[in-house]
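*Asks:* Just passing along the structure, written as structure tokens.
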Amino acid sequence: MTPARLLVSSLFLPAFFLSTETRADAAGSSVLYFPEDVGNPAWVKPRQEQQLEEGKKVSVFHNFTFTDIQPKSGMDFLHRIVDDVGLDYKAVHYDHGNGIAAADVNLDGLIDIYLVSQAGPNGLYLNQGDGKFADATAAAGVALPDVIGVTASFADIDNDGDPDLYVTNVRSANRLFENLGDGTFKDISERSGLDYDGHSSSAIFFDYDRDGLLDLLLTEVGQYTTEQSRRIQGTPTDEKLENPPTYYVGFRDAFAGHLKAERERSSLIYRNLGGNRFSDQSEALGFSDLSWTGAATPTDFNNDGWPDLYLLNMQGGDQYWVNREGKKFERMTREVFPKTPWGSMGVKSFDFDNDGDMDLLLTDMHSDMSEKVDVDREKLKATWVEQNWSATFLGGKGKSIYGNALFRNDGAAGFTEVSDSMNTENYWPWGVSVGDLNADGWQDALLISSMNYPFRYAPNSLLLNQQGERFVDAEYLVGLEPRRDNRTAKPWIALDCDGIHADSKDCAGRDSDLTIYGALGSRSSVMLDMDGDGDLDIITSELGDVPQVLRSNLAEQKGDKLNYLAVRLVGTQSNRNALGAKVTVHAGDQKWVQVNDGQSGYLSQSILPLYFGLGDQSQVDRVEVVWPNGQQQSFDKIGDGNRVIELTEAAEG
């Protein structure tokens with residue numbers, strides 16, 4: 001077996017995906033490197049035209065548009081990268097980027113946004129209404145300028161009615177902030193027991209023992225960094241921080257790390273003890289999962305009322321853990337899911353076919369990295385994986401799906417994988433955000449999809465749900481692509497070839513400044529009604545750039561034909577956020593089911609009302625809620641839709 005087949009990093013070399021570079025002298029002595037497939041992809045217009053033509057043949061409603069209003073929104077957050085994603089690019093988990101979380105932080109009825117940067121300060125933006133946001137980071141005390149960030153989750157850990165904030169980091173303590181209710185947060189990390197210091201990824205709050213307090217699953221990626229630390233050097237000049245943080249340099253063979261037992265780490269389950277204190281109960285619960293896990297989701301596929309866990313594995317088989325009445329977790333993966341994606345990155349459980357049970361959509365990023373794929377093959381499974389990567393690297397043959405998976409829940413018959421027939425395959429996907437973007441009563445999916453430097457530009461994928469029969473490609477139909485001003489690239493690396501970067505391979509033979517462009521690309525997203533007009537908007541987290549603030553004009557286009565209901569839950573006996581509640585909305589002869597799991601996009605957890613598009617129904621008969629503690633409650637005579645309703649859990653007995 002050749003080293004090339006064992007050492008997968010050979011497939012991630014920059015030259016592998018870059019087309020022939022074009023060069024142009026800029027002002028002064030600067031030289032620009034601007035690859036054509038990054039800055040001017042020839043395939044964009046033909047793909048747009050093809051999708052628009054195909055859109056004429058589909059029945060799913062798509063007569064609405066998203067507009068990126070970021071320049072006028074006040075959300076001027078700039079995501080910054082470490083040099084392992086730029087100047088010293090290597091195939092290491094830093095390029096997975098960062099999350100974005102949403103919640104009504106100040107309880108004014110408007111959804112606020114928290115964005116995580118890889119290097120440099122995070123950002124809290126308070127919603128001012130009408131698509132405007134104000135930077136409240138400094139006043140709130142949640143900037144964290146000196147850490148290498150990963151993601152954030154909102155959850156009311158103390159049941160006092162406001163969302164608290166948990167931020168995960170790379171090799172610095174994770175941070176838990178208590179919301180003080182006045183627009184500020186208090187760092188309670190150390191005494192909370194949640195100040196884990198490692199290679200943390202996502203944080204999933206859920207109540208595994210149904211005691212009314214939110215517990216935590218903290219996913220842990222295996223060790224992908226060395227002991228060498230370094231300050232960031234290659235950031236473009238106008239984006240430099242005065243005091244950039246240091247980061248731990250990644251292993252050159254980071255993507256072969258799952259072959260090395262010494263780099264394995266287990267995800268952790270913490271029990272909420274009350275008083276803002278948590279205790280690691282992983283061992284007591286029989287939970288030991290060494291998957292290279294970026295993301296996970298709570299589920300209840302066996303419908304016993306106890307939240308189970310589905311953990312992704314970005315380099316191997318996923319894992320499904322069944323909760324045995326809050327006393328232990330039992331691994332039941334192959335009994336329920338005989339095959340799972342090999343390189344899972346994003347997950348969302350939702351009822352895509354409106355049959356009343358929860359299905360499961362998974363994205364597979366890493367299988368797509370096994371071979372250079374042209375745009376005409378992006379909708380295909382990566383069937384070439386087993387030819388390009390060794391059985392040792394893959395962990396054996398016959399156990400994996402090499403691409404996205406959509407598991408349709410067939411009840412007692414188990415799950416059927418239907419991704420190809422439902423058209424949910426795409427290329428380079430990260431996470432999934434789900435919501436009824438056209439309010440027709442069927443939930444749609446946004447697959448955040450991209451790479452950046454040193455790869456070509458790739459679009460996000462929007463899938464409109466055609467009444468549960470299939471998903472329709474729609475990113476060009478509704479204006480998510482092309483991006484604002486046809487942007488596909490930006491200055492990614494700035495080198496001083498006559499100074500600190502003189503020894504760089506890119507400076508060989510040059511003594512001038514050098515700017516290298518990289519492709520734009522999203523990493524996470526959240527769907528929310530940011531302007532209160534009754535339709536769902538989208539905000540993205542961009543690697544190395546400002547977010548997209550994508551405002552929908554669906555409400556304007558549909559007018560009085562827009563029908564929806566937004567449901568905000570308040571737990572009393574259960575946790576205050578009612579995470580884990582199952583909600584069924586009845587209108588006429590139709591019903592819709594959603595589970596309030598808080599999972600809003602790649603890596604992140606948000607506290608948002610559940611949004612139900614009602615299609616042609618303007619009146620709601622009743623809403624049924626199964627609360628996280630098992631209590632069932634029916635709210636009758638809801639009446640008019642097109643509003644946010646608040647449902648409060650009744651006292652038992």
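We name chains A, B, ... following the order of the structure tokens; residues begin at 1 in each chain, and ligands are numbered from 1 as shown.
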Looking only at the backbone, which of the residues in range 287-489 of chain A does DSSP tag as alpha helix (DSSP H), as a list of chain:residue names?

*Replies:* A:Thr333, A:Arg334, A:Glu335, A:Val336, A:Val385, A:Glu386, A:Gln387, A:Asn388, A:Ala391, A:Thr392, A:Phe393, A:Leu394, A:Ser419, A:Asp420, A:Ser421, A:Met422

*Asks:* Quick one: residues within 9 Å of range 355-359 of chain A, only C-alpha atoms counted, chain neighbours fewer than 4 positions away excluded, as a count of residues only?

*Replies:* 20

*Asks:* Please, which residues in range 43-126 of chain A fall within 12 Å of range 494-504 of chain A when counting only C-alpha atoms, and what is the closest atom pair and distance in Å to one decimal for each, ordered by chain then residue number, as a tab-separated table?

*Replies:*
residue	atom	partner	partner_atom	distance
A:Asp83	CA	A:Ala494	CA	11.0
A:Gly86	CA	A:Ala494	CA	9.4
A:Leu87	CA	A:Ala494	CA	8.1
A:Asp88	CA	A:Ser504	CA	9.1

*Asks:* Report, in Å to a single decimal, how far apart CA of Val347 in chain A and CA of Val147 in chain A are.

*Replies:*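 Here the two named atoms are 26.6 Å from each other.
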
*Asks:* Which of these, A:Thr225, A:Asn354, A:Arg622, A:Glu264, has the shortest distance to Lys637 in chain A once you count only C-alpha atoms?

*Replies:*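 Counting only C-alpha atoms, the residue closest to Lys637 in chain A is A:Arg622.
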
*Asks:* Residues within 8 Å of Gly275 in chain A, please, as a PyMOL selection string. Count only C-alpha atoms; anything in the same chain fewer than 2 positions from it doesn't count.

*Replies:* chain A and resi 158+273+277

*Asks:* Please, could you write that set of residues out with all heavy atoms as a JSON list (two decimals), in the first residue's frame?

*Replies:*
[["chain", "number", "residue", "atom", "x", "y", "z"],
["A", 158, "ASP", "N", -30.58, 28.42, 33.73],
["A", 158, "ASP", "CA", -31.05, 28.62, 35.10],
["A", 158, "ASP", "C", -32.55, 28.88, 35.18],
["A", 158, "ASP", "O", -33.07, 29.23, 36.24],
["A", 158, "ASP", "CB", -30.27, 29.75, 35.78],
["A", 158, "ASP", "CG", -30.20, 31.01, 34.91],
["A", 158, "ASP", "OD1", -30.92, 31.08, 33.89],
["A", 158, "ASP", "OD2", -29.41, 31.91, 35.25],
["A", 273, "LEU", "N", -26.68, 20.53, 37.60],
["A", 273, "LEU", "CA", -26.93, 20.27, 39.02],
["A", 273, "LEU", "C", -27.79, 21.35, 39.67],
["A", 273, "LEU", "O", -28.16, 21.22, 40.84],
["A", 273, "LEU", "CB", -25.61, 20.16, 39.78],
["A", 273, "LEU", "CG", -24.60, 19.13, 39.26],
["A", 273, "LEU", "CD1", -23.31, 19.21, 40.08],
["A", 273, "LEU", "CD2", -25.18, 17.73, 39.29],
["A", 277, "ARG", "N", -24.30, 25.06, 37.97],
["A", 277, "ARG", "CA", -23.17, 24.14, 38.10],
["A", 277, "ARG", "C", -23.47, 22.84, 37.35],
["A", 277, "ARG", "O", -24.61, 22.35, 37.37],
["A", 277, "ARG", "CB", -22.87, 23.85, 39.57],
["A", 277, "ARG", "CG", -22.44, 25.09, 40.35],
["A", 277, "ARG", "CD", -22.17, 24.78, 41.81],
["A", 277, "ARG", "NE", -21.87, 25.97, 42.57],
["A", 277, "ARG", "CZ", -20.66, 26.52, 42.67],
["A", 277, "ARG", "NH1", -19.63, 25.94, 42.08],
["A", 277, "ARG", "NH2", -20.48, 27.62, 43.38]]

*Asks:* Out of range 466-641 of chain A, which residues get strand (DSSP E) from DSSP, as an NGL selection string?

*Replies:* :A and (466 or 470-473 or 489-496 or 513-519 or 522-528 or 537-542 or 549-552 or 564-570 or 582-587 or 590-595 or 599-601 or 604-605 or 610-613 or 619-626 or 632-640)

*Asks:* What lies within 6 Å of range 64-73 of chain A using only C-alpha atoms, ignoring chain neighbours under 4 positions off, as a list in words?

*Replies:* Gly131, Lys132, Phe133, Val478, Gly479, Gln548, Val549, Leu550, Arg551, Ser552, Asn553 and Leu554 of chain A

*Asks:* Given the choices A:Met451, A:Val583, A:Leu462, A:Val570, which gets closest to Gln51 in chain A if the distance is worked out from only C-alpha atoms?

*Replies:*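 Comparing A:Met451, A:Val583, A:Leu462, A:Val570 against Gln51 in chain A, the winner is A:Leu462.
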